[in-house]
Amino acid sequence: MPNPSGALAAQIDALLPQTQCTRCGYPDCTAYAQAIAEGQAEINRCPPGGAQGIARLSELLQRPALALNPECGAEAPRLLAVIDPAQCIGCTLCIQACPVDAIAGAPKRMHTVIAQWCTGCALCLPPCPVDCIRMEPLPDAALAAQTGWDAWTAAQSAEARQRYARHLERHPRQLAQAVAAEQAQTKPPAAPAPAADRKAALLQAALERARQRQAAT
């Protein structure tokens with residue numbers, strides 16, 4: 001049986017920039033689109049899309065073009081993640097966090113951001129244990145001054161959507177974990193899960209390897 005909200009959600013999703021930044025409060029652009037289609041979310045929760053993105057959604061849905069919700073952030077120029085090679089310890093946590101697989105590297109090896117794939121989501125910053133990642137303006141001066149869809153093309157959006165889909169194929173549990181985390185925000189914190197313990201152990205091992213390399217130099 002046809003799903004009207006599903007068809008509408010696909011139309012809405014096509015108008016979102018696909019940065020997968022989660023600033024809207026949902027785990028990805030598709031989830032936000034579905035929430036809009038079901039009347040559970042307003043159309044003004046996407047900072048990367050900016051005012052122009054809101055206008056596009058407003059036209060599609062025949063809703064008022066609201067101002068961007070400040071709780072989700074402000075419209076601003078798109079930024080690029082850059083990793084400091086002198087500080088990177090090769091822990092791979094940023095690689096796991098990147099929704100479009102725009103970071104290349106391997107355990108114990110310095111990582112690097114593939115600039116043309118980076119959506120500027122900044123999700124790689126929080127998990128970095130040594131704060132070696134920073135967000136910088138785009139190298140193209142003209143684009144660095146633009147915001148919203150003026151700094152992001154439909155082709156880039158389509159490629160980001162495809163890369164995110166492939167990322168989920170390789171990490172099928174990630175979306176479910178993101179949804180569970182969102183639902184758990186209203187619940188009291190639970191005891192650390194075994195997965196969290198393994199992550200902490202991985203991080204500790206990476207830091208120890210970094211200390212050993214520094215001591216050997």
# chains A, B, ... in the order shown; residues from 1 in each chain; ligands from 1

$ select_by_dssp --residues "range 85-184 of chain A" --states "helix (DSSP H, G or I)" --output "ChimeraX atom specification"
/A:93-97,115-117,141-144,148-151,154-170,173-184

$ write_last_selection --atoms "C-alpha atoms" --output "PDB file, in the first residue's frame"
ATOM      1  CA  LEU A  93      37.769   7.636  16.038  1.00  0.00           C
ATOM      2  CA  CYS A  94      37.310  10.483  13.556  1.00  0.00           C
ATOM      3  CA  ILE A  95      37.085   7.976  10.698  1.00  0.00           C
ATOM      4  CA  GLN A  96      34.276   6.190  12.496  1.00  0.00           C
ATOM      5  CA  ALA A  97      32.471   9.486  13.163  1.00  0.00           C
ATOM      6  CA  ALA A 115      38.536  17.909   1.027  1.00  0.00           C
ATOM      7  CA  GLN A 116      36.140  17.399  -1.881  1.00  0.00           C
ATOM      8  CA  TRP A 117      34.093  14.921   0.169  1.00  0.00           C
ATOM      9  CA  ALA A 141      37.761  32.507  -1.339  1.00  0.00           C
ATOM     10  CA  ALA A 142      34.533  33.084  -3.260  1.00  0.00           C
ATOM     11  CA  LEU A 143      32.845  30.015  -1.766  1.00  0.00           C
ATOM     12  CA  ALA A 144      34.287  30.717   1.693  1.00  0.00           C
ATOM     13  CA  GLY A 148      23.511  27.874   2.560  1.00  0.00           C
ATOM     14  CA  TRP A 149      22.954  26.568  -0.933  1.00  0.00           C
ATOM     15  CA  ASP A 150      25.159  29.297  -2.379  1.00  0.00           C
ATOM     16  CA  ALA A 151      28.128  27.386  -0.927  1.00  0.00           C
ATOM     17  CA  ALA A 154      23.043  19.954  -5.968  1.00  0.00           C
ATOM     18  CA  ALA A 155      25.803  17.691  -7.336  1.00  0.00           C
ATOM     19  CA  GLN A 156      27.703  17.840  -4.035  1.00  0.00           C
ATOM     20  CA  SER A 157      24.491  17.101  -2.149  1.00  0.00           C
ATOM     21  CA  ALA A 158      23.778  14.062  -4.337  1.00  0.00           C
ATOM     22  CA  GLU A 159      27.311  12.733  -3.886  1.00  0.00           C
ATOM     23  CA  ALA A 160      27.112  13.229  -0.109  1.00  0.00           C
ATOM     24  CA  ARG A 161      23.813  11.307  -0.041  1.00  0.00           C
ATOM     25  CA  GLN A 162      25.386   8.427  -1.958  1.00  0.00           C
ATOM     26  CA  ARG A 163      28.472   8.366   0.242  1.00  0.00           C
ATOM     27  CA  TYR A 164      26.324   8.364   3.373  1.00  0.00           C
ATOM     28  CA  ALA A 165      24.248   5.474   2.014  1.00  0.00           C
ATOM     29  CA  ARG A 166      27.422   3.481   1.355  1.00  0.00           C
ATOM     30  CA  HIS A 167      28.692   4.396   4.819  1.00  0.00           C
ATOM     31  CA  LEU A 168      25.535   2.951   6.383  1.00  0.00           C
ATOM     32  CA  GLU A 169      25.934  -0.213   4.343  1.00  0.00           C
ATOM     33  CA  ARG A 170      29.344  -0.688   5.910  1.00  0.00           C
ATOM     34  CA  ARG A 173      24.351  -0.348  13.313  1.00  0.00           C
ATOM     35  CA  GLN A 174      25.330   3.316  13.288  1.00  0.00           C
ATOM     36  CA  LEU A 175      21.906   4.699  12.416  1.00  0.00           C
ATOM     37  CA  ALA A 176      20.184   2.496  14.979  1.00  0.00           C
ATOM     38  CA  GLN A 177      22.675   3.657  17.593  1.00  0.00           C
ATOM     39  CA  ALA A 178      22.075   7.287  16.668  1.00  0.00           C
ATOM     40  CA  VAL A 179      18.323   6.872  17.020  1.00  0.00           C
ATOM     41  CA  ALA A 180      18.768   5.091  20.350  1.00  0.00           C
ATOM     42  CA  ALA A 181      21.027   7.894  21.571  1.00  0.00           C
ATOM     43  CA  GLU A 182      18.439  10.483  20.611  1.00  0.00           C
ATOM     44  CA  GLN A 183      15.720   8.585  22.472  1.00  0.00           C
ATOM     45  CA  ALA A 184      17.967   8.179  25.507  1.00  0.00           C
TER      46      ALA A 184
END

$ residues_around --residues "range 34-41 of chain A" --least-positions-apart "2" --cutoff "6 Å" --atoms "only C-alpha atoms" --output "list in words"
Ser5, Leu8, Ala9, Ala31 and Tyr32 of chain A

$ write_last_selection --atoms "C-alpha atoms" --output "mmCIF file, in the first residue's frame"
data_model
loop_
_atom_site.group_PDB
_atom_site.id
_atom_site.type_symbol
_atom_site.label_atom_id
_atom_site.label_comp_id
_atom_site.auth_asym_id
_atom_site.auth_seq_id
_atom_site.Cartn_x
_atom_site.Cartn_y
_atom_site.Cartn_z
ATOM 1 C CA SER A 5 4.272 10.386 4.107
ATOM 2 C CA LEU A 8 6.591 13.296 0.728
ATOM 3 C CA ALA A 9 9.601 12.582 2.922
ATOM 4 C CA ALA A 31 15.116 11.156 9.548
ATOM 5 C CA TYR A 32 14.557 14.920 9.612
#

$ atom_distance --atom1 "CA of Ala7 in chain A" --atom2 "CA of Asp101 in chain A"
27.7 Å

$ closest_residue --among "A:Gly25, A:Pro99, A:Pro85, A:Pro47" --to "Arg134 in chain A" --atoms "only C-alpha atoms"
A:Pro85

$ residues_around --residues "range 71-79 of chain A" --least-positions-apart "2" --cutoff "12 Å" --atoms "only C-alpha atoms" --output "ChimeraX atom specification"
/A:17,19,21-26,42-54,67-69,81-82,115-122,134-153

$ write_last_selection --atoms "N, CA and C atoms" --output "short mmCIF file (atom, residue, chain, number, x, y, z; two decimals), in the first residue's frame"
data_model
loop_
_atom_site.label_atom_id
_atom_site.label_comp_id
_atom_site.auth_asym_id
_atom_site.auth_seq_id
_atom_site.Cartn_x
_atom_site.Cartn_y
_atom_site.Cartn_z
N PRO A 17 20.45 19.53 2.26
CA PRO A 17 21.83 19.54 1.73
C PRO A 17 22.61 18.25 1.93
N THR A 19 24.32 17.15 4.45
CA THR A 19 25.58 17.23 5.19
C THR A 19 25.61 16.24 6.35
N CYS A 21 24.76 16.53 9.40
CA CYS A 21 25.43 17.15 10.54
C CYS A 21 24.71 16.93 11.87
N THR A 22 23.45 16.51 11.83
CA THR A 22 22.61 16.24 13.02
C THR A 22 22.21 17.49 13.78
N ARG A 23 22.53 18.68 13.27
CA ARG A 23 22.18 19.89 14.01
C ARG A 23 20.67 20.12 14.09
N CYS A 24 19.93 19.47 13.23
CA CYS A 24 18.47 19.58 13.26
C CYS A 24 17.88 18.84 14.45
N GLY A 25 18.69 18.00 15.10
CA GLY A 25 18.21 17.21 16.22
C GLY A 25 17.85 15.79 15.84
N TYR A 26 18.04 15.44 14.57
CA TYR A 26 17.75 14.09 14.08
C TYR A 26 19.06 13.44 13.62
N GLU A 42 9.45 21.23 12.40
CA GLU A 42 9.31 22.41 11.55
C GLU A 42 10.36 22.38 10.45
N ILE A 43 10.20 23.26 9.49
CA ILE A 43 11.09 23.28 8.33
C ILE A 43 12.31 24.18 8.54
N ASN A 44 12.48 24.70 9.74
CA ASN A 44 13.53 25.70 9.98
C ASN A 44 14.62 25.20 10.91
N ARG A 45 14.98 23.92 10.78
CA ARG A 45 15.96 23.34 11.69
C ARG A 45 17.26 22.93 10.98
N CYS A 46 17.52 23.45 9.79
CA CYS A 46 18.70 23.03 9.02
C CYS A 46 19.63 24.21 8.76
N PRO A 47 20.61 24.46 9.63
CA PRO A 47 21.55 25.56 9.39
C PRO A 47 22.33 25.45 8.07
N PRO A 48 22.80 24.26 7.66
CA PRO A 48 23.52 24.22 6.38
C PRO A 48 22.68 24.65 5.19
N GLY A 49 21.37 24.35 5.21
CA GLY A 49 20.50 24.79 4.12
C GLY A 49 20.21 26.27 4.17
N GLY A 50 20.22 26.82 5.38
CA GLY A 50 20.02 28.24 5.57
C GLY A 50 18.64 28.73 5.15
N ALA A 51 18.55 30.03 4.96
CA ALA A 51 17.28 30.66 4.60
C ALA A 51 16.77 30.15 3.26
N GLN A 52 17.68 29.92 2.32
CA GLN A 52 17.26 29.43 1.01
C GLN A 52 16.69 28.02 1.12
N GLY A 53 17.28 27.20 1.98
CA GLY A 53 16.75 25.86 2.18
C GLY A 53 15.36 25.89 2.78
N ILE A 54 15.15 26.79 3.73
CA ILE A 54 13.82 26.94 4.34
C ILE A 54 12.82 27.39 3.28
N ALA A 67 11.91 31.79 10.28
CA ALA A 67 13.33 32.08 10.50
C ALA A 67 14.01 30.82 11.04
N LEU A 68 15.29 30.69 10.76
CA LEU A 68 16.05 29.53 11.23
C LEU A 68 15.98 29.45 12.75
N ASN A 69 15.70 28.28 13.27
CA ASN A 69 15.62 28.07 14.70
C ASN A 69 17.02 28.21 15.32
N ALA A 81 37.09 20.41 7.46
CA ALA A 81 37.88 19.80 8.54
C ALA A 81 39.31 19.59 8.07
N VAL A 82 40.25 19.92 8.94
CA VAL A 82 41.68 19.76 8.64
C VAL A 82 42.33 19.09 9.85
N ALA A 115 39.24 16.63 1.00
CA ALA A 115 38.54 17.91 1.03
C ALA A 115 37.26 17.92 0.20
N GLN A 116 37.31 17.31 -1.00
CA GLN A 116 36.14 17.40 -1.88
C GLN A 116 34.96 16.60 -1.37
N TRP A 117 35.19 15.72 -0.39
CA TRP A 117 34.09 14.92 0.17
C TRP A 117 33.59 15.46 1.50
N CYS A 118 34.36 16.32 2.14
CA CYS A 118 33.98 16.83 3.46
C CYS A 118 32.76 17.73 3.35
N THR A 119 31.74 17.45 4.18
CA THR A 119 30.52 18.26 4.17
C THR A 119 30.55 19.37 5.21
N GLY A 120 31.61 19.42 6.01
CA GLY A 120 31.70 20.45 7.04
C GLY A 120 30.81 20.18 8.24
N CYS A 121 30.42 18.92 8.45
CA CYS A 121 29.49 18.59 9.53
C CYS A 121 30.10 18.77 10.91
N ALA A 122 31.43 18.68 11.02
CA ALA A 122 32.17 18.84 12.28
C ALA A 122 31.94 17.70 13.26
N ARG A 134 40.65 20.77 13.24
CA ARG A 134 40.08 22.11 13.30
C ARG A 134 39.25 22.35 12.04
N MET A 135 38.30 23.25 12.14
CA MET A 135 37.46 23.61 11.01
C MET A 135 37.99 24.92 10.41
N GLU A 136 38.28 24.90 9.12
CA GLU A 136 38.84 26.06 8.45
C GLU A 136 37.95 26.51 7.30
N PRO A 137 38.07 27.77 6.87
CA PRO A 137 37.31 28.23 5.71
C PRO A 137 37.68 27.44 4.46
N LEU A 138 36.77 27.37 3.52
CA LEU A 138 37.05 26.69 2.26
C LEU A 138 38.20 27.39 1.54
N PRO A 139 39.04 26.65 0.84
CA PRO A 139 40.18 27.27 0.15
C PRO A 139 39.76 28.23 -0.96
N ASP A 140 38.60 28.00 -1.55
CA ASP A 140 38.08 28.91 -2.57
C ASP A 140 37.50 30.14 -1.89
N ALA A 141 38.15 31.29 -2.05
CA ALA A 141 37.76 32.51 -1.34
C ALA A 141 36.33 32.91 -1.64
N ALA A 142 35.90 32.71 -2.90
CA ALA A 142 34.53 33.08 -3.26
C ALA A 142 33.51 32.23 -2.52
N LEU A 143 33.76 30.92 -2.47
CA LEU A 143 32.84 30.02 -1.77
C LEU A 143 32.92 30.21 -0.26
N ALA A 144 34.10 30.57 0.25
CA ALA A 144 34.29 30.72 1.69
C ALA A 144 33.41 31.81 2.28
N ALA A 145 32.93 32.72 1.43
CA ALA A 145 32.10 33.82 1.91
C ALA A 145 30.61 33.51 1.76
N GLN A 146 30.28 32.39 1.13
CA GLN A 146 28.88 32.06 0.86
C GLN A 146 28.30 31.17 1.97
N THR A 147 26.98 31.22 2.11
CA THR A 147 26.30 30.38 3.08
C THR A 147 25.17 29.62 2.40
N GLY A 148 24.64 28.63 3.08
CA GLY A 148 23.51 27.87 2.56
C GLY A 148 23.81 27.24 1.22
N TRP A 149 22.81 27.21 0.37
CA TRP A 149 22.95 26.57 -0.93
C TRP A 149 23.88 27.33 -1.88
N ASP A 150 24.21 28.57 -1.55
CA ASP A 150 25.16 29.30 -2.38
C ASP A 150 26.58 28.74 -2.24
N ALA A 151 26.81 27.98 -1.15
CA ALA A 151 28.13 27.39 -0.93
C ALA A 151 28.12 25.88 -1.14
N TRP A 152 27.01 25.34 -1.65
CA TRP A 152 26.84 23.89 -1.75
C TRP A 152 25.98 23.59 -2.96
N THR A 153 26.44 22.76 -3.87
CA THR A 153 25.71 22.50 -5.10
C THR A 153 24.84 21.26 -5.00
#

$ select_by_dssp --residues "range 16-205 of chain A" --states "strand (DSSP E)" --output "ChimeraX atom specification"
/A:79-83,103-104,112-113,133-137

$ closest_residue --among "A:Pro127, A:Gly90, A:Ala102, A:Leu16" --to "Ala55 in chain A" --atoms "only C-alpha atoms"
A:Leu16

$ closest_residue --among "A:Cys91, A:Ala33, A:Ile103, A:Leu66" --to "Pro129 in chain A" --atoms "only C-alpha atoms"
A:Cys91

$ decode --residues "range 74-93 of chain A" --atoms "N, CA and C atoms" --output "PDB file, in the first residue's frame"
ATOM      1  N   ALA A  74      23.394  28.677  13.728  1.00  0.00           N
ATOM      2  CA  ALA A  74      23.224  29.825  12.842  1.00  0.00           C
ATOM      3  C   ALA A  74      23.688  29.484  11.434  1.00  0.00           C
ATOM      4  N   GLU A  75      23.089  30.154  10.462  1.00  0.00           N
ATOM      5  CA  GLU A  75      23.560  30.003   9.089  1.00  0.00           C
ATOM      6  C   GLU A  75      24.942  30.642   8.974  1.00  0.00           C
ATOM      7  N   ALA A  76      25.881  29.913   8.417  1.00  0.00           N
ATOM      8  CA  ALA A  76      27.258  30.399   8.346  1.00  0.00           C
ATOM      9  C   ALA A  76      27.950  29.749   7.156  1.00  0.00           C
ATOM     10  N   PRO A  77      29.083  30.290   6.728  1.00  0.00           N
ATOM     11  CA  PRO A  77      29.826  29.669   5.629  1.00  0.00           C
ATOM     12  C   PRO A  77      30.206  28.232   5.962  1.00  0.00           C
ATOM     13  N   ARG A  78      30.214  27.395   4.947  1.00  0.00           N
ATOM     14  CA  ARG A  78      30.613  25.998   5.129  1.00  0.00           C
ATOM     15  C   ARG A  78      32.105  25.931   5.422  1.00  0.00           C
ATOM     16  N   LEU A  79      32.484  25.068   6.331  1.00  0.00           N
ATOM     17  CA  LEU A  79      33.879  24.921   6.730  1.00  0.00           C
ATOM     18  C   LEU A  79      34.422  23.563   6.311  1.00  0.00           C
ATOM     19  N   LEU A  80      35.723  23.437   6.376  1.00  0.00           N
ATOM     20  CA  LEU A  80      36.416  22.210   5.987  1.00  0.00           C
ATOM     21  C   LEU A  80      37.218  21.685   7.168  1.00  0.00           C
ATOM     22  N   ALA A  81      37.093  20.407   7.464  1.00  0.00           N
ATOM     23  CA  ALA A  81      37.877  19.800   8.536  1.00  0.00           C
ATOM     24  C   ALA A  81      39.313  19.591   8.075  1.00  0.00           C
ATOM     25  N   VAL A  82      40.249  19.920   8.939  1.00  0.00           N
ATOM     26  CA  VAL A  82      41.675  19.758   8.643  1.00  0.00           C
ATOM     27  C   VAL A  82      42.331  19.094   9.848  1.00  0.00           C
ATOM     28  N   ILE A  83      43.138  18.069   9.594  1.00  0.00           N
ATOM     29  CA  ILE A  83      43.805  17.328  10.666  1.00  0.00           C
ATOM     30  C   ILE A  83      45.268  17.759  10.762  1.00  0.00           C
ATOM     31  N   ASP A  84      45.712  18.080  11.966  1.00  0.00           N
ATOM     32  CA  ASP A  84      47.109  18.445  12.203  1.00  0.00           C
ATOM     33  C   ASP A  84      47.935  17.157  12.256  1.00  0.00           C
ATOM     34  N   PRO A  85      48.791  16.912  11.271  1.00  0.00           N
ATOM     35  CA  PRO A  85      49.551  15.654  11.230  1.00  0.00           C
ATOM     36  C   PRO A  85      50.517  15.501  12.396  1.00  0.00           C
ATOM     37  N   ALA A  86      50.942  16.605  12.976  1.00  0.00           N
ATOM     38  CA  ALA A  86      51.897  16.516  14.075  1.00  0.00           C
ATOM     39  C   ALA A  86      51.245  16.032  15.363  1.00  0.00           C
ATOM     40  N   GLN A  87      49.931  16.177  15.460  1.00  0.00           N
ATOM     41  CA  GLN A  87      49.223  15.800  16.683  1.00  0.00           C
ATOM     42  C   GLN A  87      48.419  14.515  16.534  1.00  0.00           C
ATOM     43  N   CYS A  88      48.090  14.117  15.316  1.00  0.00           N
ATOM     44  CA  CYS A  88      47.248  12.937  15.100  1.00  0.00           C
ATOM     45  C   CYS A  88      47.938  11.685  15.643  1.00  0.00           C
ATOM     46  N   ILE A  89      47.192  10.888  16.422  1.00  0.00           N
ATOM     47  CA  ILE A  89      47.751   9.670  17.007  1.00  0.00           C
ATOM     48  C   ILE A  89      47.240   8.411  16.315  1.00  0.00           C
ATOM     49  N   GLY A  90      46.438   8.564  15.254  1.00  0.00           N
ATOM     50  CA  GLY A  90      45.976   7.402  14.504  1.00  0.00           C
ATOM     51  C   GLY A  90      44.974   6.535  15.232  1.00  0.00           C
ATOM     52  N   CYS A  91      44.100   7.145  16.041  1.00  0.00           N
ATOM     53  CA  CYS A  91      43.164   6.340  16.836  1.00  0.00           C
ATOM     54  C   CYS A  91      41.954   5.866  16.036  1.00  0.00           C
ATOM     55  N   THR A  92      41.683   6.451  14.885  1.00  0.00           N
ATOM     56  CA  THR A  92      40.591   6.111  13.955  1.00  0.00           C
ATOM     57  C   THR A  92      39.209   6.552  14.431  1.00  0.00           C
ATOM     58  N   LEU A  93      39.094   7.235  15.556  1.00  0.00           N
ATOM     59  CA  LEU A  93      37.769   7.636  16.038  1.00  0.00           C
ATOM     60  C   LEU A  93      37.105   8.646  15.112  1.00  0.00           C
TER      61      LEU A  93
END
